[in-house]
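The structure appears right after this line, and notes come after that.
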Number of protein chains: 2
Amino acid sequence: MTEVTLHEPLDMHLHLRDGEMLRTVAPLSARYFSGALIMPNLVPPVTDAEGLRAYRRRILEAIGEERFEPYMTLFFKEEYDLDFLKPFASEITAVKLYPAGITTNSEGGVSGFEIERLRPALEAMSELGIPLCIHGETGGFVLDREREFVPIYEELAVAFPDLKIVMEHITDAESVAALDRHPNLYATITLHHLLITLDEVAGGMLQPHLFCKPIAKRPEDREALLKVALEAHPKVMFGSDSAPHPRHAKEAPGCAAGVFTAPIALPALAELFARHGKLENLQHFVSTNARRIYEIEPPAKKVRLVDRPMKVPEKYGEVVPMMAGEQIGWSVAEIIQE
Amino acid sequence: MTEVTLHEPLDMHLHLRDGEMLRTVAPLSARYFSGALIMPNLVPPVTDAEGLRAYRRRILEAIGEERFEPYMTLFFKEEYDLDFLKPFASEITAVKLYPAGITTNSEGGVSGFEIERLRPALEAMSELGIPLCIHGETGGFVLDREREFVPIYEELAVAFPDLKIVMEHITDAESVAALDRHPNLYATITLHHLLITLDEVAGGMLQPHLFCKPIAKRPEDREALLKVALEAHPKVMFGSDSAPHPRHAKEAPGCAAGVFTAPIALPALAELFARHGKLENLQHFVSTNARRIYEIEPPAKKVRLVDRPMKVPEKYGEVVPMMAGEQIGWSVAEIIQE
């Protein structure tokens, strides 16, 4: 039997939603992870200290006794400045920027990337040491949106050299290539973009549970993602982008975007890294890199995984996970909180 | 008011299915078209004289009194030879070749394109003057399947210079380019591939009713298709590939491939050609080219279309059409059978 013990696993891009959905999905992340970076695209979005604190409290209520740190984010607004951010800067792990209308609940996002318009907010964040996370897609043709956004990432990286900029859930070989051109560009990569391409979404029958934004791309894009994930490139972190939608919103015309992976992510990653002979790098991909990049100290938790198969449940509440009903070659054997 | 009168409109790629579905959809094509090339991918497929005649009879029963010619096709088998085809060659308008497993009910298709294996069948068809229609996709990555098939089209065109080969429902600029390189290569183009790209299928929410095979491609591919359709390139014909599935098979995980357009095709094409100032070419695209290429003489029918809006029904029986509930700027004003 092969095994690996992960220390303080982290999910650096997580959607927990709110209300009933929050209560369904938050415990599933809290069980297996030491902490997660919580996305702020609620309705309305999290845009101030009060909203951020209240959402954090609701998350902590939802997870009960689990030892789990919700690292909170604010929904980026151009109006943010030093006076606004400074009083609660220690509570903000990152600010998340959405181009307007680009994904679920992003209507209030940014509609242009003129540097001077963004300068007050981004200089305040630089000064306060708050990283900027970006959903980097333009409004262009679906397969080109991320590639077209790379020059914007690069322009921001040059204009704000003291700002850590995280390219979220990258899917494209050109985003991977940009990582090494700028010292302050980082990236998260999801589980599903390491496993699937557009072929799995739309190459056979159409699979709504694999439909997400950014959409899965070409085989050569997945290869580029796999390469930096498996080698645990020091600027790359695991971020599941696990995004629950109730089944009826996925299995209908106008299917919502999002793949739900939080409860299967660690076993599936262990299987993937083991298959490629890279199990020794998984710790860096799911924790060490994020701790160094975000300068965070997550609560102690060890997750021991073994190559014993698990069957993925058909549903968690009303949410259908990725690989529902299928088998993963690895499973969680023990969780140690001490 | 602008108008156009189409003489003997033809749909040179149509799925009518069988049983209850046949009875639902066949009258919708028979009403507006003089004839259609009927695809043979039933379960089991149409592979002999008896099956072809029986299917033709079922179609004629389903359409009742309408004046409409179902141009029948056989499902390609390597075993076909001159002895087999000659006795009923006059009843076969074309033979349709499917790579095995490439789309709905194509499991019994061809699993390789070695010229010598195909030679007896294709030489018999050449001698009998029966065109070969091909669903040209490889088993590769979903966006590359048609492009990868172009060399196979070209190899067949060169090896069998007396065989008319129709590249069915082309979606890719490289297929369009191949048209002019070989005198015996022709193509059909659907309505939906003139209207949508992958953006409409998966760029916003996921739209199962626009999911089809081949999948809609990039904007520059659609531009290439539009160009040859609007100019009524003499080797290009309208073929709807209208493919009905009951609503429950489309609106579920594992959504079946196919867009249902038969009853809206002529108004939508009139609107499209009118918008581009090419209404005078529509007659060639929807009839004249096909009559010349297939050397057929369809029953007399004139369809007068005017720029008066119609609302597309939400459903025809259990089948949801393209643009369900939306408005098309043109409609059928009169059908003249004399």
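In the structure tokens, chains take letters A, B, ... by order of appearance, with residues numbered from 1 within each chain and ligands from 1 in the order shown.
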I'd like the superposed chain B, fitted onto chain A by least squares over all Cα atoms in order, as an mmCIF file with C-alpha atoms, in the first residue's frame.
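Final file, selection.cif:
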```cif
data_model
loop_
_atom_site.group_PDB
_atom_site.id
_atom_site.type_symbol
_atom_site.label_atom_id
_atom_site.label_comp_id
_atom_site.auth_asym_id
_atom_site.auth_seq_id
_atom_site.Cartn_x
_atom_site.Cartn_y
_atom_site.Cartn_z
ATOM 1 C CA MET B 1 -0.002 0.003 0.016
ATOM 2 C CA THR B 2 1.255 3.452 -0.965
ATOM 3 C CA GLU B 3 0.375 6.445 1.149
ATOM 4 C CA VAL B 4 1.048 10.114 1.594
ATOM 5 C CA THR B 5 0.387 12.389 4.560
ATOM 6 C CA LEU B 6 -0.425 15.980 3.698
ATOM 7 C CA HIS B 7 0.215 18.660 6.296
ATOM 8 C CA GLU B 8 -2.228 21.560 6.416
ATOM 9 C CA PRO B 9 -3.787 21.093 2.975
ATOM 10 C CA LEU B 10 -5.191 24.335 1.555
ATOM 11 C CA ASP B 11 -7.725 25.114 -1.157
ATOM 12 C CA MET B 12 -6.808 28.568 -2.402
ATOM 13 C CA HIS B 13 -9.968 29.157 -4.467
ATOM 14 C CA LEU B 14 -13.260 28.013 -3.017
ATOM 15 C CA HIS B 15 -16.924 28.951 -3.438
ATOM 16 C CA LEU B 16 -18.998 28.284 -0.345
ATOM 17 C CA ARG B 17 -22.089 30.336 -1.359
ATOM 18 C CA ASP B 18 -24.470 31.163 1.461
ATOM 19 C CA GLY B 19 -27.544 29.978 3.365
ATOM 20 C CA GLU B 20 -28.585 26.363 2.887
ATOM 21 C CA MET B 21 -25.900 25.717 0.253
ATOM 22 C CA LEU B 22 -23.202 27.043 2.602
ATOM 23 C CA ARG B 23 -24.401 24.659 5.294
ATOM 24 C CA THR B 24 -24.261 21.771 2.814
ATOM 25 C CA VAL B 25 -20.822 22.358 1.336
ATOM 26 C CA ALA B 26 -18.723 24.151 3.985
ATOM 27 C CA PRO B 27 -18.365 21.069 6.228
ATOM 28 C CA LEU B 28 -17.114 19.055 3.235
ATOM 29 C CA SER B 29 -14.167 21.419 2.766
ATOM 30 C CA ALA B 30 -13.608 21.926 6.485
ATOM 31 C CA ARG B 31 -13.274 18.198 7.015
ATOM 32 C CA TYR B 32 -10.329 17.715 4.666
ATOM 33 C CA PHE B 33 -8.600 21.085 4.492
ATOM 34 C CA SER B 34 -6.867 23.283 7.053
ATOM 35 C CA GLY B 35 -8.180 26.351 5.340
ATOM 36 C CA ALA B 36 -9.413 27.804 2.088
ATOM 37 C CA LEU B 37 -9.501 31.144 0.306
ATOM 38 C CA ILE B 38 -13.203 31.991 0.217
ATOM 39 C CA MET B 39 -14.548 33.719 -2.886
ATOM 40 C CA PRO B 40 -16.689 36.827 -2.261
ATOM 41 C CA ASN B 41 -19.158 36.624 -5.188
ATOM 42 C CA LEU B 42 -22.307 36.397 -3.107
ATOM 43 C CA VAL B 43 -25.490 38.314 -3.933
ATOM 44 C CA PRO B 44 -24.719 41.070 -2.979
ATOM 45 C CA PRO B 45 -20.936 40.569 -3.018
ATOM 46 C CA VAL B 46 -18.676 40.964 0.022
ATOM 47 C CA THR B 47 -17.392 44.545 -0.227
ATOM 48 C CA ASP B 48 -16.843 45.873 3.279
ATOM 49 C CA ALA B 49 -15.647 44.971 6.762
ATOM 50 C CA GLU B 50 -19.112 44.313 8.057
ATOM 51 C CA GLY B 51 -20.021 41.995 5.173
ATOM 52 C CA LEU B 52 -16.700 40.187 5.399
ATOM 53 C CA ARG B 53 -16.996 39.604 9.144
ATOM 54 C CA ALA B 54 -20.592 38.512 8.929
ATOM 55 C CA TYR B 55 -19.804 36.041 6.115
ATOM 56 C CA ARG B 56 -16.871 34.655 8.076
ATOM 57 C CA ARG B 57 -19.165 34.123 11.073
ATOM 58 C CA ARG B 58 -21.733 32.309 8.923
ATOM 59 C CA ILE B 59 -18.975 30.048 7.559
ATOM 60 C CA LEU B 60 -17.678 29.248 11.031
ATOM 61 C CA GLU B 61 -21.203 28.447 12.149
ATOM 62 C CA ALA B 62 -21.683 26.152 9.157
ATOM 63 C CA ILE B 63 -18.517 24.143 9.830
ATOM 64 C CA GLY B 64 -19.197 23.591 13.522
ATOM 65 C CA GLU B 65 -16.336 21.923 15.361
ATOM 66 C CA GLU B 66 -13.955 21.389 12.440
ATOM 67 C CA ARG B 67 -10.587 23.077 12.680
ATOM 68 C CA PHE B 68 -10.594 25.158 9.495
ATOM 69 C CA GLU B 69 -9.609 28.709 8.653
ATOM 70 C CA PRO B 70 -11.740 30.567 6.093
ATOM 71 C CA TYR B 71 -9.311 33.028 4.513
ATOM 72 C CA MET B 72 -11.590 35.865 3.525
ATOM 73 C CA THR B 73 -11.586 37.912 0.333
ATOM 74 C CA LEU B 74 -13.226 41.172 -0.678
ATOM 75 C CA PHE B 75 -14.924 41.643 -4.045
ATOM 76 C CA PHE B 76 -12.745 44.210 -5.861
ATOM 77 C CA LYS B 77 -14.148 47.705 -6.293
ATOM 78 C CA GLU B 78 -12.298 50.633 -7.858
ATOM 79 C CA GLU B 79 -13.413 52.796 -4.946
ATOM 80 C CA TYR B 80 -11.227 50.911 -2.451
ATOM 81 C CA ASP B 81 -8.382 53.052 -1.082
ATOM 82 C CA LEU B 82 -5.962 53.077 1.811
ATOM 83 C CA ASP B 83 -8.392 54.786 4.187
ATOM 84 C CA PHE B 84 -11.025 52.193 3.483
ATOM 85 C CA LEU B 85 -8.865 49.057 3.535
ATOM 86 C CA LYS B 86 -6.388 49.849 6.319
ATOM 87 C CA PRO B 87 -8.728 49.485 9.312
ATOM 88 C CA PHE B 88 -9.507 45.845 8.529
ATOM 89 C CA ALA B 89 -6.512 44.899 6.346
ATOM 90 C CA SER B 90 -5.485 42.121 8.730
ATOM 91 C CA GLU B 91 -8.817 40.378 8.092
ATOM 92 C CA ILE B 92 -8.488 40.485 4.297
ATOM 93 C CA THR B 93 -6.385 37.668 2.864
ATOM 94 C CA ALA B 94 -6.935 38.795 -0.717
ATOM 95 C CA VAL B 95 -9.109 40.944 -2.958
ATOM 96 C CA LYS B 96 -10.781 39.162 -5.849
ATOM 97 C CA LEU B 97 -11.263 40.994 -9.112
ATOM 98 C CA TYR B 98 -13.932 39.920 -11.595
ATOM 99 C CA PRO B 99 -14.373 41.449 -15.039
ATOM 100 C CA ALA B 100 -18.054 42.486 -15.069
ATOM 101 C CA GLY B 101 -20.430 39.707 -16.083
ATOM 102 C CA ILE B 102 -17.738 37.103 -16.740
ATOM 103 C CA THR B 103 -19.074 34.355 -14.428
ATOM 104 C CA THR B 104 -21.595 33.560 -11.680
ATOM 105 C CA ASN B 105 -22.578 36.683 -9.689
ATOM 106 C CA SER B 106 -19.917 38.900 -11.239
ATOM 107 C CA GLU B 107 -22.270 41.612 -12.511
ATOM 108 C CA GLY B 108 -20.759 44.250 -10.203
ATOM 109 C CA GLY B 109 -17.218 43.618 -11.424
ATOM 110 C CA VAL B 110 -14.724 45.772 -13.281
ATOM 111 C CA SER B 111 -15.588 46.894 -16.807
ATOM 112 C CA GLY B 112 -12.153 48.075 -17.943
ATOM 113 C CA PHE B 113 -8.513 47.759 -16.999
ATOM 114 C CA GLU B 114 -7.151 51.297 -17.395
ATOM 115 C CA ILE B 115 -4.207 51.355 -15.000
ATOM 116 C CA GLU B 116 -4.852 54.889 -13.746
ATOM 117 C CA ARG B 117 -8.423 54.085 -12.762
ATOM 118 C CA LEU B 118 -7.244 51.066 -10.787
ATOM 119 C CA ARG B 119 -4.188 52.763 -9.299
ATOM 120 C CA PRO B 120 -5.593 54.021 -5.952
ATOM 121 C CA ALA B 121 -7.000 50.636 -5.009
ATOM 122 C CA LEU B 122 -4.027 48.600 -6.231
ATOM 123 C CA GLU B 123 -1.450 50.887 -4.619
ATOM 124 C CA ALA B 124 -3.321 50.655 -1.337
ATOM 125 C CA MET B 125 -3.284 46.860 -1.596
ATOM 126 C CA SER B 126 0.442 46.890 -2.468
ATOM 127 C CA GLU B 127 1.157 49.000 0.582
ATOM 128 C CA LEU B 128 -0.946 46.791 2.841
ATOM 129 C CA GLY B 129 0.476 43.569 1.375
ATOM 130 C CA ILE B 130 -2.906 42.277 0.204
ATOM 131 C CA PRO B 131 -2.681 40.064 -2.906
ATOM 132 C CA LEU B 132 -4.980 40.597 -5.890
ATOM 133 C CA CYS B 133 -6.733 37.513 -7.261
ATOM 134 C CA ILE B 134 -8.143 37.841 -10.782
ATOM 135 C CA HIS B 135 -10.620 35.840 -12.829
ATOM 136 C CA GLY B 136 -8.731 36.615 -16.016
ATOM 137 C CA GLU B 137 -11.050 36.381 -18.989
ATOM 138 C CA THR B 138 -12.029 38.964 -21.590
ATOM 139 C CA GLY B 139 -15.467 39.124 -23.192
ATOM 140 C CA GLY B 140 -14.087 37.531 -26.386
ATOM 141 C CA PHE B 141 -14.678 34.169 -28.028
ATOM 142 C CA VAL B 142 -14.957 31.489 -25.368
ATOM 143 C CA LEU B 143 -11.697 29.701 -26.231
ATOM 144 C CA ASP B 144 -9.676 32.923 -26.472
ATOM 145 C CA ARG B 145 -10.854 34.756 -23.357
ATOM 146 C CA GLU B 146 -8.056 33.699 -21.056
ATOM 147 C CA ARG B 147 -5.334 34.004 -23.678
ATOM 148 C CA GLU B 148 -6.552 37.511 -24.487
ATOM 149 C CA PHE B 149 -6.336 38.397 -20.800
ATOM 150 C CA VAL B 150 -2.637 37.517 -20.443
ATOM 151 C CA PRO B 151 -1.442 40.960 -21.632
ATOM 152 C CA ILE B 152 -3.669 42.544 -18.966
ATOM 153 C CA TYR B 153 -2.107 40.345 -16.275
ATOM 154 C CA GLU B 154 1.304 41.377 -17.537
ATOM 155 C CA GLU B 155 0.490 45.072 -17.681
ATOM 156 C CA LEU B 156 -0.778 44.987 -14.100
ATOM 157 C CA ALA B 157 2.248 43.001 -12.940
ATOM 158 C CA VAL B 158 4.590 45.623 -14.397
ATOM 159 C CA ALA B 159 2.565 48.629 -13.201
ATOM 160 C CA PHE B 160 2.284 47.312 -9.629
ATOM 161 C CA PRO B 161 5.542 45.453 -8.984
ATOM 162 C CA ASP B 162 4.925 45.202 -5.227
ATOM 163 C CA LEU B 163 1.480 43.666 -5.656
ATOM 164 C CA LYS B 164 1.156 39.888 -5.640
ATOM 165 C CA ILE B 165 -1.201 38.999 -8.482
ATOM 166 C CA VAL B 166 -2.766 35.548 -8.623
ATOM 167 C CA MET B 167 -4.057 34.346 -11.995
ATOM 168 C CA GLU B 168 -6.992 32.283 -10.809
ATOM 169 C CA HIS B 169 -7.933 28.825 -12.149
ATOM 170 C CA ILE B 170 -5.680 29.059 -15.198
ATOM 171 C CA THR B 171 -6.573 26.792 -18.124
ATOM 172 C CA ASP B 172 -4.326 27.903 -20.941
ATOM 173 C CA ALA B 173 -0.684 27.244 -21.864
ATOM 174 C CA GLU B 174 -0.160 30.970 -22.410
ATOM 175 C CA SER B 175 -1.096 31.776 -18.820
ATOM 176 C CA VAL B 176 1.363 29.143 -17.643
ATOM 177 C CA ALA B 177 4.081 30.738 -19.760
ATOM 178 C CA ALA B 178 3.384 34.173 -18.252
ATOM 179 C CA LEU B 179 4.166 32.863 -14.741
ATOM 180 C CA ASP B 180 7.898 32.941 -15.302
ATOM 181 C CA ARG B 181 8.004 36.343 -16.958
ATOM 182 C CA HIS B 182 7.002 38.373 -13.877
ATOM 183 C CA PRO B 183 8.193 37.852 -10.300
ATOM 184 C CA ASN B 184 4.837 38.963 -8.868
ATOM 185 C CA LEU B 185 2.561 36.712 -10.972
ATOM 186 C CA TYR B 186 1.231 33.540 -9.341
ATOM 187 C CA ALA B 187 -1.519 31.082 -10.259
ATOM 188 C CA THR B 188 -4.042 28.637 -8.917
ATOM 189 C CA ILE B 189 -4.962 25.472 -10.817
ATOM 190 C CA THR B 190 -8.105 23.412 -10.261
ATOM 191 C CA LEU B 191 -8.413 19.652 -10.074
ATOM 192 C CA HIS B 192 -10.766 19.449 -13.012
ATOM 193 C CA HIS B 193 -8.529 21.402 -15.378
ATOM 194 C CA LEU B 194 -5.769 18.888 -14.637
ATOM 195 C CA LEU B 195 -8.082 16.030 -15.570
ATOM 196 C CA ILE B 196 -10.287 17.128 -18.458
ATOM 197 C CA THR B 197 -10.209 18.988 -21.772
ATOM 198 C CA LEU B 198 -13.088 20.285 -23.875
ATOM 199 C CA ASP B 199 -13.353 16.711 -25.146
ATOM 200 C CA GLU B 200 -14.774 15.504 -21.836
ATOM 201 C CA VAL B 201 -17.271 18.391 -21.759
ATOM 202 C CA ALA B 202 -18.530 18.306 -25.339
ATOM 203 C CA GLY B 203 -16.659 15.653 -27.314
ATOM 204 C CA GLY B 204 -19.034 12.785 -26.648
ATOM 205 C CA MET B 205 -22.386 13.601 -25.178
ATOM 206 C CA LEU B 206 -22.647 17.030 -23.558
ATOM 207 C CA GLN B 207 -21.714 16.873 -19.847
ATOM 208 C CA PRO B 208 -23.162 19.781 -17.865
ATOM 209 C CA HIS B 209 -21.467 18.717 -14.632
ATOM 210 C CA LEU B 210 -18.093 19.379 -16.305
ATOM 211 C CA PHE B 211 -19.132 22.779 -17.639
ATOM 212 C CA CYS B 212 -17.254 25.596 -15.932
ATOM 213 C CA LYS B 213 -15.653 28.973 -16.492
ATOM 214 C CA PRO B 214 -13.046 29.196 -17.794
ATOM 215 C CA ILE B 215 -14.092 26.285 -19.969
ATOM 216 C CA ALA B 216 -11.634 23.372 -20.250
ATOM 217 C CA LYS B 217 -9.360 23.870 -23.248
ATOM 218 C CA ARG B 218 -7.146 21.788 -25.539
ATOM 219 C CA PRO B 219 -4.969 18.750 -24.656
ATOM 220 C CA GLU B 220 -1.788 20.815 -24.998
ATOM 221 C CA ASP B 221 -3.176 23.324 -22.498
ATOM 222 C CA ARG B 222 -3.888 20.565 -19.995
ATOM 223 C CA GLU B 223 -0.343 19.259 -20.527
ATOM 224 C CA ALA B 224 1.076 22.677 -19.678
ATOM 225 C CA LEU B 225 -1.018 22.845 -16.496
ATOM 226 C CA LEU B 226 -0.089 19.301 -15.488
ATOM 227 C CA LYS B 227 3.592 20.030 -15.926
ATOM 228 C CA VAL B 228 3.681 22.959 -13.468
ATOM 229 C CA ALA B 229 1.300 21.263 -11.025
ATOM 230 C CA LEU B 230 3.192 17.962 -10.931
ATOM 231 C CA GLU B 231 6.530 19.674 -10.502
ATOM 232 C CA ALA B 232 4.906 21.930 -7.868
ATOM 233 C CA HIS B 233 6.209 25.033 -9.588
ATOM 234 C CA PRO B 234 6.843 27.395 -6.633
ATOM 235 C CA LYS B 235 4.361 30.000 -7.929
ATOM 236 C CA VAL B 236 1.498 27.567 -8.436
ATOM 237 C CA MET B 237 -1.103 26.613 -5.820
ATOM 238 C CA PHE B 238 -4.040 24.269 -5.714
ATOM 239 C CA GLY B 239 -7.361 26.116 -5.855
ATOM 240 C CA SER B 240 -10.334 23.876 -6.498
ATOM 241 C CA ASP B 241 -12.750 26.554 -7.758
ATOM 242 C CA SER B 242 -15.230 24.035 -6.372
ATOM 243 C CA ALA B 243 -18.528 25.706 -7.214
ATOM 244 C CA PRO B 244 -21.741 24.065 -6.059
ATOM 245 C CA HIS B 245 -24.994 24.512 -7.946
ATOM 246 C CA PRO B 246 -28.152 22.575 -7.182
ATOM 247 C CA ARG B 247 -28.723 19.743 -9.634
ATOM 248 C CA HIS B 248 -31.684 21.461 -11.319
ATOM 249 C CA ALA B 249 -29.505 24.460 -12.222
ATOM 250 C CA LYS B 250 -26.940 22.207 -13.913
ATOM 251 C CA GLU B 251 -29.195 19.771 -15.724
ATOM 252 C CA ALA B 252 -31.257 22.199 -17.780
ATOM 253 C CA PRO B 253 -30.899 24.567 -20.712
ATOM 254 C CA GLY B 254 -28.875 27.523 -19.490
ATOM 255 C CA CYS B 255 -26.785 25.213 -17.311
ATOM 256 C CA ALA B 256 -24.866 27.164 -14.666
ATOM 257 C CA ALA B 257 -21.046 27.124 -14.766
ATOM 258 C CA GLY B 258 -19.147 25.286 -12.053
ATOM 259 C CA VAL B 259 -17.709 21.905 -11.098
ATOM 260 C CA PHE B 260 -18.097 20.642 -7.542
ATOM 261 C CA THR B 261 -14.892 18.939 -6.388
ATOM 262 C CA ALA B 262 -14.199 19.951 -2.774
ATOM 263 C CA PRO B 263 -14.889 16.561 -1.137
ATOM 264 C CA ILE B 264 -13.030 14.508 -3.757
ATOM 265 C CA ALA B 265 -10.118 16.829 -4.457
ATOM 266 C CA LEU B 266 -7.445 15.349 -2.186
ATOM 267 C CA PRO B 267 -7.999 11.678 -3.147
ATOM 268 C CA ALA B 268 -8.180 12.593 -6.841
ATOM 269 C CA LEU B 269 -5.009 14.697 -6.620
ATOM 270 C CA ALA B 270 -3.195 11.895 -4.764
ATOM 271 C CA GLU B 271 -4.192 9.456 -7.497
ATOM 272 C CA LEU B 272 -3.066 11.852 -10.220
ATOM 273 C CA PHE B 273 0.291 12.677 -8.619
ATOM 274 C CA ALA B 274 0.914 9.011 -7.798
ATOM 275 C CA ARG B 275 0.151 7.946 -11.368
ATOM 276 C CA HIS B 276 2.776 10.380 -12.608
ATOM 277 C CA GLY B 277 5.291 9.354 -9.923
ATOM 278 C CA LYS B 278 5.173 12.821 -8.352
ATOM 279 C CA LEU B 279 3.545 12.116 -5.004
ATOM 280 C CA GLU B 280 6.441 13.817 -3.230
ATOM 281 C CA ASN B 281 5.413 17.149 -4.819
ATOM 282 C CA LEU B 282 1.793 17.095 -3.715
ATOM 283 C CA GLN B 283 2.526 18.697 -0.345
ATOM 284 C CA HIS B 284 3.958 21.739 -2.109
ATOM 285 C CA PHE B 285 1.088 21.988 -4.556
ATOM 286 C CA VAL B 286 -1.658 21.763 -1.927
ATOM 287 C CA SER B 287 -0.072 23.657 0.938
ATOM 288 C CA THR B 288 3.554 24.755 1.124
ATOM 289 C CA ASN B 289 3.492 27.046 -1.903
ATOM 290 C CA ALA B 290 0.319 28.765 -0.710
ATOM 291 C CA ARG B 291 1.659 29.253 2.813
ATOM 292 C CA ARG B 292 4.751 30.962 1.427
ATOM 293 C CA ILE B 293 2.913 33.058 -1.190
ATOM 294 C CA TYR B 294 0.124 34.227 1.111
ATOM 295 C CA GLU B 295 2.298 34.232 4.261
ATOM 296 C CA ILE B 296 -0.359 32.365 6.216
ATOM 297 C CA GLU B 297 -0.107 29.912 9.104
ATOM 298 C CA PRO B 298 -3.019 27.504 8.842
ATOM 299 C CA PRO B 299 -4.315 25.432 11.760
ATOM 300 C CA ALA B 300 -2.607 22.075 12.232
ATOM 301 C CA LYS B 301 -4.232 19.187 10.350
ATOM 302 C CA LYS B 302 -2.718 16.114 8.752
ATOM 303 C CA VAL B 303 -4.570 14.132 6.123
ATOM 304 C CA ARG B 304 -3.261 10.643 5.400
ATOM 305 C CA LEU B 305 -4.232 9.294 1.992
ATOM 306 C CA VAL B 306 -3.778 5.719 0.800
ATOM 307 C CA ASP B 307 -4.174 3.976 -2.534
ATOM 308 C CA ARG B 308 -7.388 2.276 -1.479
ATOM 309 C CA PRO B 309 -10.333 3.027 -3.791
ATOM 310 C CA MET B 310 -13.336 5.141 -2.816
ATOM 311 C CA LYS B 311 -16.642 5.450 -4.617
ATOM 312 C CA VAL B 312 -17.743 9.029 -5.200
ATOM 313 C CA PRO B 313 -21.292 9.659 -3.934
ATOM 314 C CA GLU B 314 -23.973 10.448 -6.537
ATOM 315 C CA LYS B 315 -24.899 13.618 -4.647
ATOM 316 C CA TYR B 316 -24.033 15.741 -1.648
ATOM 317 C CA GLY B 317 -27.403 17.215 -0.738
ATOM 318 C CA GLU B 318 -28.642 18.613 -4.039
ATOM 319 C CA VAL B 319 -25.158 18.976 -5.495
ATOM 320 C CA VAL B 320 -23.711 16.478 -7.973
ATOM 321 C CA PRO B 321 -19.921 16.180 -7.602
ATOM 322 C CA MET B 322 -17.419 15.597 -10.374
ATOM 323 C CA MET B 323 -16.992 11.835 -10.972
ATOM 324 C CA ALA B 324 -20.339 11.107 -9.289
ATOM 325 C CA GLY B 325 -20.772 7.357 -8.912
ATOM 326 C CA GLU B 326 -17.279 6.671 -10.214
ATOM 327 C CA GLN B 327 -14.303 5.247 -8.404
ATOM 328 C CA ILE B 328 -11.147 7.098 -7.366
ATOM 329 C CA GLY B 329 -8.089 4.936 -6.723
ATOM 330 C CA TRP B 330 -7.135 6.759 -3.521
ATOM 331 C CA SER B 331 -9.015 7.691 -0.371
ATOM 332 C CA VAL B 332 -8.567 9.475 2.953
ATOM 333 C CA ALA B 333 -7.429 7.020 5.612
ATOM 334 C CA GLU B 334 -7.047 9.333 8.576
ATOM 335 C CA ILE B 335 -7.371 12.955 9.611
ATOM 336 C CA ILE B 336 -5.158 14.029 12.474
ATOM 337 C CA GLN B 337 -5.802 17.294 14.298
ATOM 338 C CA GLU B 338 -3.427 17.824 17.185
#
```
Region 96-306 of chain A: residues DSSP assigns to strand (DSSP E or B), reported as number ranges by chain: A: 96-97, 99, 110, 132-134, 165-167, 185-189, 206, 236-238, 242, 255, 302-306
